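Structure record follows, encoded as structure tokens.
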2 protein chains.
Amino acid sequence: MEMLRQKIRQCCLVEKDGVLRADGFLNHQLDMELYDAMGRELARRFAGKGINKILTVEASGIGLACVTALHMGGIPVVFAKKNRSSRMGSEVYTAKVSSYTNGVSYDIVVAKPYLQAEDRVLIIDDFLANGKSVQALKALIQFAGATLEGVGIAIEKGYLPGGKDLRREGIPLESLAIIDRADEQTGEITFRDFS
Amino acid sequence: MEMLRQKIRQCCLVEKDGVLRADGFLNHQLDMELYDAMGRELARRFAGKGINKILTVEASGIGLACVTALHMGGIPVVFAKKNRSSRMGSEVYTAKVSSYTNGVSYDIVVAKPYLQAEDRVLIIDDFLANGKSVQALKALIQFAGATLEGVGIAIEKGYLPGGKDLRREGIPLESLAIIDRADEQTGEITFRDFS
């Protein structure tokens with residue numbers, strides 16, 4: 001998606017260990033014109049699949065999940081919570097995430113009433129790196145007996161295995177920009193052609 | 001806003017100590033048709049004020065902030081992060097929040113580039129109770145030398161002092177539903193007339 005690639009070229013900082021900072025438009029300050037375009041594009045790519053719910057994880061996936069949901073006719077969004085809230089009760093699905101970015105593990109939790117066996121679910125997130133978050137969200141969907149219809153991502157780090165793993169599993173994955181190389185010396189970012 | 005009041009009547013659970021659970025439509029599963037209507041209504045109420053940025057705090061304020069921003073022409077959203085991320089650098093504004101709901105204190109943080117002196121800011125959040133989050137967001141805006149143009153809330157707990165304090169300070173506050181009483185015995189919810 002060219003609008004997103006341009007924004008990445010203009011605004012992304014490449015840090016040590018291939019960490020990309022997209023604070024200025026994606027996950028701290030949110031460029032809502034870009035978000036609107038990304039949500040519209042994800043809705044277009046996943047049209048006709050009977051998707052009736054979007055699942056994401058707090059916090060930085062929520063914005064894109066909401067905008068995409070609006071472009072899909074106002075279907076509900078569920079966001080998994082990190083760690084377990086004392087107010088959530090005992091009726092929850094839980095899965096563990098080992099975060100690549102922060103080097104910490106945590107649980108994500110969804111209250112059972114909000115994932116049902118008849119749900120056809122689209123997972124949305126801002127970044128796909130090693131795929132730990134998406135795999136945990138996928139586990140929650142499986143626990144509920146619901147159907148995973150696809151995964152929609154803003155920026156995939158193509159040099160990390162998350163996307164490759166999902167494609168090998170046969171899960172429809174749409175990443176609006178795939179970065180194959182991010183050079184921490186020069187700051188140069190190389191995109192995969194078809195992204 | 002009648003649509004929101006209906007939803008609260010149908011779906012809100014009143015728990016001990018007047019805690020309202022709105023998990024089913026507001027802050028875990030998000031009813032995006034309701035969100036779209038709430039965002040449109042907040043945009044209408046704050047039209048003509050030259051607002052160029054929306055500020056909220058992760059996680060449950062992000063959805064409403066994004067939808068409102070779309071209805072305000074796609075202005076950017078900034079969400080303050082809870083606790084300080086090691087990846088945010090040293091150039092941040094910080095304020096402390098003592099949470100009513102969880103009984104814990106934490107810092108909220110915005111990177112300095114995303115709040116500028118010329119910004120005219122609308123604060124958005126899902127709930128207003130004692131107003132601790134909003135007061136901390138207000139402090140961040142003050143640190144940046146920016147202008148607070150108003151505060152937009154989905155559900156205000158009118159029996160707690162957050163809203164009263166903001167009105168006394170002369171800050172334009174729009175709450176889409178104000179609850180004056182939530183009876184934990186009967187589950188009955190009483191709305192303020194004009195909300």
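Residue numbering restarts at 1 for every chain of the structure tokens, chains are lettered A, B, ... in their displayed order, and ligands are numbered from 1 as they appear.
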Contact table chain A vs chain B, cut-off 6 Å, shortest pair per residue, only C-alpha atoms, as JSON lines:
```
{"residue": "A:His28", "atom": "CA", "partner": "B:Phe79", "partner_atom": "CA", "distance": 5.7}
{"residue": "A:Gln29", "atom": "CA", "partner": "B:Val78", "partner_atom": "CA", "distance": 4.2}
{"residue": "A:Leu30", "atom": "CA", "partner": "B:Val77", "partner_atom": "CA", "distance": 5.0}
{"residue": "A:Asp31", "atom": "CA", "partner": "B:Pro76", "partner_atom": "CA", "distance": 5.0}
{"residue": "A:Met32", "atom": "CA", "partner": "B:Gly74", "partner_atom": "CA", "distance": 4.9}
{"residue": "A:Glu33", "atom": "CA", "partner": "B:Gly74", "partner_atom": "CA", "distance": 5.1}
{"residue": "A:Ala59", "atom": "CA", "partner": "B:Ala59", "partner_atom": "CA", "distance": 5.1}
{"residue": "A:Gly63", "atom": "CA", "partner": "B:Gly63", "partner_atom": "CA", "distance": 5.7}
{"residue": "A:Gly74", "atom": "CA", "partner": "B:Met32", "partner_atom": "CA", "distance": 4.9}
{"residue": "A:Pro76", "atom": "CA", "partner": "B:Asp31", "partner_atom": "CA", "distance": 5.0}
{"residue": "A:Val77", "atom": "CA", "partner": "B:Leu30", "partner_atom": "CA", "distance": 5.0}
{"residue": "A:Val78", "atom": "CA", "partner": "B:Gln29", "partner_atom": "CA", "distance": 4.2}
{"residue": "A:Phe79", "atom": "CA", "partner": "B:His28", "partner_atom": "CA", "distance": 5.7}
```
What are the coordinates of chain A as a PDB file with C-alpha atoms, in the first residue's frame following a least-squares fit to chain B on all in-order C-alpha atoms?
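Result saved to result39.pdb:
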```pdb
ATOM      1  CA  MET A   1     -27.519  10.370  23.911  1.00  0.00           C
ATOM      2  CA  GLU A   2     -30.427   7.965  23.820  1.00  0.00           C
ATOM      3  CA  MET A   3     -28.697   5.163  21.883  1.00  0.00           C
ATOM      4  CA  LEU A   4     -26.000   4.983  24.556  1.00  0.00           C
ATOM      5  CA  ARG A   5     -28.469   5.141  27.435  1.00  0.00           C
ATOM      6  CA  GLN A   6     -30.417   2.241  25.959  1.00  0.00           C
ATOM      7  CA  LYS A   7     -27.244   0.224  25.648  1.00  0.00           C
ATOM      8  CA  ILE A   8     -26.317   1.004  29.248  1.00  0.00           C
ATOM      9  CA  ARG A   9     -29.782  -0.043  30.453  1.00  0.00           C
ATOM     10  CA  GLN A  10     -29.563  -3.291  28.497  1.00  0.00           C
ATOM     11  CA  CYS A  11     -25.945  -4.246  29.096  1.00  0.00           C
ATOM     12  CA  CYS A  12     -24.322  -2.533  32.054  1.00  0.00           C
ATOM     13  CA  LEU A  13     -23.755  -4.501  35.202  1.00  0.00           C
ATOM     14  CA  VAL A  14     -23.642  -2.626  38.490  1.00  0.00           C
ATOM     15  CA  GLU A  15     -21.088  -4.119  40.833  1.00  0.00           C
ATOM     16  CA  LYS A  16     -19.970  -3.417  44.355  1.00  0.00           C
ATOM     17  CA  ASP A  17     -18.956   0.144  45.192  1.00  0.00           C
ATOM     18  CA  GLY A  18     -20.791   1.572  42.206  1.00  0.00           C
ATOM     19  CA  VAL A  19     -18.420   0.052  39.657  1.00  0.00           C
ATOM     20  CA  LEU A  20     -20.123  -0.228  36.283  1.00  0.00           C
ATOM     21  CA  ARG A  21     -19.130  -2.990  33.923  1.00  0.00           C
ATOM     22  CA  ALA A  22     -19.526  -2.020  30.301  1.00  0.00           C
ATOM     23  CA  ASP A  23     -17.382  -4.853  28.928  1.00  0.00           C
ATOM     24  CA  GLY A  24     -19.974  -5.967  26.419  1.00  0.00           C
ATOM     25  CA  PHE A  25     -20.120  -2.808  24.310  1.00  0.00           C
ATOM     26  CA  LEU A  26     -17.608  -0.200  25.517  1.00  0.00           C
ATOM     27  CA  ASN A  27     -14.262  -1.408  26.793  1.00  0.00           C
ATOM     28  CA  HIS A  28     -13.608  -5.033  25.958  1.00  0.00           C
ATOM     29  CA  GLN A  29     -16.048  -5.855  23.195  1.00  0.00           C
ATOM     30  CA  LEU A  30     -16.745  -2.613  21.303  1.00  0.00           C
ATOM     31  CA  ASP A  31     -20.105  -2.077  19.618  1.00  0.00           C
ATOM     32  CA  MET A  32     -18.837  -0.237  16.570  1.00  0.00           C
ATOM     33  CA  GLU A  33     -22.263   0.978  15.445  1.00  0.00           C
ATOM     34  CA  LEU A  34     -22.593   2.656  18.825  1.00  0.00           C
ATOM     35  CA  TYR A  35     -18.993   3.891  18.612  1.00  0.00           C
ATOM     36  CA  ASP A  36     -19.659   5.402  15.209  1.00  0.00           C
ATOM     37  CA  ALA A  37     -22.713   7.227  16.560  1.00  0.00           C
ATOM     38  CA  MET A  38     -20.824   8.393  19.658  1.00  0.00           C
ATOM     39  CA  GLY A  39     -17.897   9.647  17.571  1.00  0.00           C
ATOM     40  CA  ARG A  40     -20.242  11.535  15.254  1.00  0.00           C
ATOM     41  CA  GLU A  41     -22.036  13.122  18.211  1.00  0.00           C
ATOM     42  CA  LEU A  42     -18.806  14.186  19.950  1.00  0.00           C
ATOM     43  CA  ALA A  43     -17.525  15.665  16.665  1.00  0.00           C
ATOM     44  CA  ARG A  44     -20.800  17.614  16.372  1.00  0.00           C
ATOM     45  CA  ARG A  45     -20.607  18.916  19.943  1.00  0.00           C
ATOM     46  CA  PHE A  46     -17.006  20.094  19.553  1.00  0.00           C
ATOM     47  CA  ALA A  47     -17.291  21.485  16.022  1.00  0.00           C
ATOM     48  CA  GLY A  48     -15.987  25.002  15.273  1.00  0.00           C
ATOM     49  CA  LYS A  49     -13.383  25.088  18.022  1.00  0.00           C
ATOM     50  CA  GLY A  50     -10.360  24.631  15.784  1.00  0.00           C
ATOM     51  CA  ILE A  51      -9.439  21.342  17.439  1.00  0.00           C
ATOM     52  CA  ASN A  52      -6.500  19.764  15.605  1.00  0.00           C
ATOM     53  CA  LYS A  53      -5.607  16.824  17.862  1.00  0.00           C
ATOM     54  CA  ILE A  54      -7.257  14.253  20.110  1.00  0.00           C
ATOM     55  CA  LEU A  55      -5.508  13.026  23.239  1.00  0.00           C
ATOM     56  CA  THR A  56      -6.509   9.889  25.121  1.00  0.00           C
ATOM     57  CA  VAL A  57      -4.883   7.247  27.291  1.00  0.00           C
ATOM     58  CA  GLU A  58      -4.413   3.579  26.510  1.00  0.00           C
ATOM     59  CA  ALA A  59      -6.194   1.297  26.232  1.00  0.00           C
ATOM     60  CA  SER A  60      -9.954   1.754  26.397  1.00  0.00           C
ATOM     61  CA  GLY A  61     -10.003   5.388  25.251  1.00  0.00           C
ATOM     62  CA  ILE A  62      -8.318   4.647  21.928  1.00  0.00           C
ATOM     63  CA  GLY A  63     -11.335   3.343  20.036  1.00  0.00           C
ATOM     64  CA  LEU A  64     -13.565   6.336  20.769  1.00  0.00           C
ATOM     65  CA  ALA A  65     -10.683   8.741  20.138  1.00  0.00           C
ATOM     66  CA  CYS A  66     -10.088   7.218  16.694  1.00  0.00           C
ATOM     67  CA  VAL A  67     -13.725   7.182  15.640  1.00  0.00           C
ATOM     68  CA  THR A  68     -14.234  10.762  16.848  1.00  0.00           C
ATOM     69  CA  ALA A  69     -11.082  11.833  14.972  1.00  0.00           C
ATOM     70  CA  LEU A  70     -12.466  10.353  11.750  1.00  0.00           C
ATOM     71  CA  HIS A  71     -15.670  12.340  12.238  1.00  0.00           C
ATOM     72  CA  MET A  72     -13.564  15.465  12.785  1.00  0.00           C
ATOM     73  CA  GLY A  73     -11.934  15.134   9.385  1.00  0.00           C
ATOM     74  CA  GLY A  74      -9.124  12.728  10.210  1.00  0.00           C
ATOM     75  CA  ILE A  75      -7.208  14.787  12.785  1.00  0.00           C
ATOM     76  CA  PRO A  76      -4.408  12.857  14.538  1.00  0.00           C
ATOM     77  CA  VAL A  77      -4.911  10.917  17.759  1.00  0.00           C
ATOM     78  CA  VAL A  78      -2.225  10.688  20.421  1.00  0.00           C
ATOM     79  CA  PHE A  79      -2.585   8.116  23.134  1.00  0.00           C
ATOM     80  CA  ALA A  80      -0.631   8.505  26.347  1.00  0.00           C
ATOM     81  CA  LYS A  81       1.105   5.315  27.386  1.00  0.00           C
ATOM     82  CA  LYS A  82       0.866   3.861  30.845  1.00  0.00           C
ATOM     83  CA  ASN A  83       4.230   3.622  32.527  1.00  0.00           C
ATOM     84  CA  ARG A  84       7.274   4.534  30.595  1.00  0.00           C
ATOM     85  CA  SER A  85       8.471   2.437  27.724  1.00  0.00           C
ATOM     86  CA  SER A  86      12.218   1.958  27.489  1.00  0.00           C
ATOM     87  CA  ARG A  87      11.868   2.709  23.784  1.00  0.00           C
ATOM     88  CA  MET A  88      10.355   6.151  24.217  1.00  0.00           C
ATOM     89  CA  GLY A  89      13.600   7.998  24.911  1.00  0.00           C
ATOM     90  CA  SER A  90      14.013  10.718  27.505  1.00  0.00           C
ATOM     91  CA  GLU A  91      12.006  13.431  25.775  1.00  0.00           C
ATOM     92  CA  VAL A  92       8.617  12.805  27.322  1.00  0.00           C
ATOM     93  CA  TYR A  93       5.932  14.543  29.335  1.00  0.00           C
ATOM     94  CA  THR A  94       4.824  12.546  32.369  1.00  0.00           C
ATOM     95  CA  ALA A  95       1.954  12.795  34.854  1.00  0.00           C
ATOM     96  CA  LYS A  96       0.735  10.535  37.632  1.00  0.00           C
ATOM     97  CA  VAL A  97      -2.703   8.859  37.752  1.00  0.00           C
ATOM     98  CA  SER A  98      -4.209   7.362  40.889  1.00  0.00           C
ATOM     99  CA  SER A  99      -6.776   4.985  39.454  1.00  0.00           C
ATOM    100  CA  TYR A 100     -10.118   4.705  41.184  1.00  0.00           C
ATOM    101  CA  THR A 101     -11.056   1.413  39.555  1.00  0.00           C
ATOM    102  CA  ASN A 102      -7.893  -0.542  40.251  1.00  0.00           C
ATOM    103  CA  GLY A 103      -6.574   1.222  43.333  1.00  0.00           C
ATOM    104  CA  VAL A 104      -3.112   1.601  41.832  1.00  0.00           C
ATOM    105  CA  SER A 105      -0.991   4.555  40.759  1.00  0.00           C
ATOM    106  CA  TYR A 106       0.866   4.755  37.488  1.00  0.00           C
ATOM    107  CA  ASP A 107       2.483   7.295  35.219  1.00  0.00           C
ATOM    108  CA  ILE A 108       1.157   8.277  31.827  1.00  0.00           C
ATOM    109  CA  VAL A 109       3.607   9.440  29.234  1.00  0.00           C
ATOM    110  CA  VAL A 110       3.537  11.288  25.914  1.00  0.00           C
ATOM    111  CA  ALA A 111       6.630  11.818  23.774  1.00  0.00           C
ATOM    112  CA  LYS A 112       7.244  15.557  23.440  1.00  0.00           C
ATOM    113  CA  PRO A 113       7.079  15.793  19.628  1.00  0.00           C
ATOM    114  CA  TYR A 114       3.418  14.758  19.697  1.00  0.00           C
ATOM    115  CA  LEU A 115       2.134  17.619  21.850  1.00  0.00           C
ATOM    116  CA  GLN A 116       3.087  21.054  20.560  1.00  0.00           C
ATOM    117  CA  ALA A 117       2.378  24.525  21.918  1.00  0.00           C
ATOM    118  CA  GLU A 118       0.140  25.341  18.936  1.00  0.00           C
ATOM    119  CA  ASP A 119      -2.048  22.247  19.420  1.00  0.00           C
ATOM    120  CA  ARG A 120      -5.707  22.721  20.298  1.00  0.00           C
ATOM    121  CA  VAL A 121      -6.543  19.478  21.999  1.00  0.00           C
ATOM    122  CA  LEU A 122      -9.703  17.492  22.712  1.00  0.00           C
ATOM    123  CA  ILE A 123      -9.374  14.867  25.449  1.00  0.00           C
ATOM    124  CA  ILE A 124     -11.465  11.747  24.856  1.00  0.00           C
ATOM    125  CA  ASP A 125     -12.057   8.848  27.246  1.00  0.00           C
ATOM    126  CA  ASP A 126     -14.596   6.077  27.738  1.00  0.00           C
ATOM    127  CA  PHE A 127     -15.388   6.709  31.425  1.00  0.00           C
ATOM    128  CA  LEU A 128     -15.212   9.738  33.696  1.00  0.00           C
ATOM    129  CA  ALA A 129     -15.312   8.882  37.407  1.00  0.00           C
ATOM    130  CA  ASN A 130     -13.010  10.768  39.770  1.00  0.00           C
ATOM    131  CA  GLY A 131     -11.336  12.416  36.818  1.00  0.00           C
ATOM    132  CA  LYS A 132      -7.801  11.285  37.643  1.00  0.00           C
ATOM    133  CA  SER A 133      -7.002  10.251  34.061  1.00  0.00           C
ATOM    134  CA  VAL A 134      -8.390  13.441  32.569  1.00  0.00           C
ATOM    135  CA  GLN A 135      -6.529  15.594  35.101  1.00  0.00           C
ATOM    136  CA  ALA A 136      -3.288  13.824  34.211  1.00  0.00           C
ATOM    137  CA  LEU A 137      -3.932  14.277  30.465  1.00  0.00           C
ATOM    138  CA  LYS A 138      -4.696  17.944  31.166  1.00  0.00           C
ATOM    139  CA  ALA A 139      -1.339  18.244  32.934  1.00  0.00           C
ATOM    140  CA  LEU A 140       0.458  16.813  29.882  1.00  0.00           C
ATOM    141  CA  ILE A 141      -1.263  19.423  27.695  1.00  0.00           C
ATOM    142  CA  GLN A 142      -0.196  22.174  30.092  1.00  0.00           C
ATOM    143  CA  PHE A 143       3.411  20.929  30.160  1.00  0.00           C
ATOM    144  CA  ALA A 144       3.456  21.223  26.362  1.00  0.00           C
ATOM    145  CA  GLY A 145       1.989  24.716  26.439  1.00  0.00           C
ATOM    146  CA  ALA A 146      -0.892  23.471  24.267  1.00  0.00           C
ATOM    147  CA  THR A 147      -4.550  24.465  24.649  1.00  0.00           C
ATOM    148  CA  LEU A 148      -7.222  22.196  26.100  1.00  0.00           C
ATOM    149  CA  GLU A 149     -10.382  22.862  24.067  1.00  0.00           C
ATOM    150  CA  GLY A 150     -12.616  20.331  25.763  1.00  0.00           C
ATOM    151  CA  VAL A 151     -13.235  16.873  27.178  1.00  0.00           C
ATOM    152  CA  GLY A 152     -15.493  14.288  25.525  1.00  0.00           C
ATOM    153  CA  ILE A 153     -16.635  11.250  27.497  1.00  0.00           C
ATOM    154  CA  ALA A 154     -18.898   8.303  26.782  1.00  0.00           C
ATOM    155  CA  ILE A 155     -20.149   7.562  30.316  1.00  0.00           C
ATOM    156  CA  GLU A 156     -19.806   9.959  33.237  1.00  0.00           C
ATOM    157  CA  LYS A 157     -20.467   8.708  36.740  1.00  0.00           C
ATOM    158  CA  GLY A 158     -22.280  11.788  37.983  1.00  0.00           C
ATOM    159  CA  TYR A 159     -22.114  10.582  41.589  1.00  0.00           C
ATOM    160  CA  LEU A 160     -18.336  10.908  41.546  1.00  0.00           C
ATOM    161  CA  PRO A 161     -16.574  14.286  41.455  1.00  0.00           C
ATOM    162  CA  GLY A 162     -14.643  14.129  38.135  1.00  0.00           C
ATOM    163  CA  GLY A 163     -17.244  15.900  36.011  1.00  0.00           C
ATOM    164  CA  LYS A 164     -18.167  18.464  38.645  1.00  0.00           C
ATOM    165  CA  ASP A 165     -14.506  19.402  39.080  1.00  0.00           C
ATOM    166  CA  LEU A 166     -13.986  19.923  35.340  1.00  0.00           C
ATOM    167  CA  ARG A 167     -17.154  22.038  35.021  1.00  0.00           C
ATOM    168  CA  ARG A 168     -16.093  24.165  37.987  1.00  0.00           C
ATOM    169  CA  GLU A 169     -12.756  24.748  36.242  1.00  0.00           C
ATOM    170  CA  GLY A 170     -14.688  26.036  33.223  1.00  0.00           C
ATOM    171  CA  ILE A 171     -13.529  23.237  30.926  1.00  0.00           C
ATOM    172  CA  PRO A 172     -16.069  22.363  28.217  1.00  0.00           C
ATOM    173  CA  LEU A 173     -17.146  18.834  29.106  1.00  0.00           C
ATOM    174  CA  GLU A 174     -19.499  16.728  27.020  1.00  0.00           C
ATOM    175  CA  SER A 175     -20.557  13.380  28.475  1.00  0.00           C
ATOM    176  CA  LEU A 176     -22.836  11.332  26.231  1.00  0.00           C
ATOM    177  CA  ALA A 177     -24.507   9.720  29.234  1.00  0.00           C
ATOM    178  CA  ILE A 178     -24.382  10.860  32.845  1.00  0.00           C
ATOM    179  CA  ILE A 179     -25.333   8.310  35.467  1.00  0.00           C
ATOM    180  CA  ASP A 180     -26.468   9.853  38.720  1.00  0.00           C
ATOM    181  CA  ARG A 181     -27.165   6.627  40.551  1.00  0.00           C
ATOM    182  CA  ALA A 182     -26.280   2.982  40.068  1.00  0.00           C
ATOM    183  CA  ASP A 183     -27.966   0.759  42.630  1.00  0.00           C
ATOM    184  CA  GLU A 184     -25.887  -2.322  43.354  1.00  0.00           C
ATOM    185  CA  GLN A 185     -28.849  -4.054  45.005  1.00  0.00           C
ATOM    186  CA  THR A 186     -31.440  -3.667  42.256  1.00  0.00           C
ATOM    187  CA  GLY A 187     -29.099  -2.944  39.319  1.00  0.00           C
ATOM    188  CA  GLU A 188     -31.192   0.139  38.578  1.00  0.00           C
ATOM    189  CA  ILE A 189     -29.414   2.967  36.767  1.00  0.00           C
ATOM    190  CA  THR A 190     -30.646   6.566  36.975  1.00  0.00           C
ATOM    191  CA  PHE A 191     -29.564   9.035  34.292  1.00  0.00           C
ATOM    192  CA  ARG A 192     -29.228  12.770  34.632  1.00  0.00           C
ATOM    193  CA  ASP A 193     -31.965  14.364  32.562  1.00  0.00           C
ATOM    194  CA  PHE A 194     -30.006  16.436  30.092  1.00  0.00           C
ATOM    195  CA  SER A 195     -27.328  13.898  29.294  1.00  0.00           C
TER     196      SER A 195
END
```
I need the alpha helix (DSSP H) residues of stretch 2-177 of chain A per DSSP on the backbone, written as a PyMOL selection string. chain A and resi 2-11+32-45+62-71+132-144+162-168
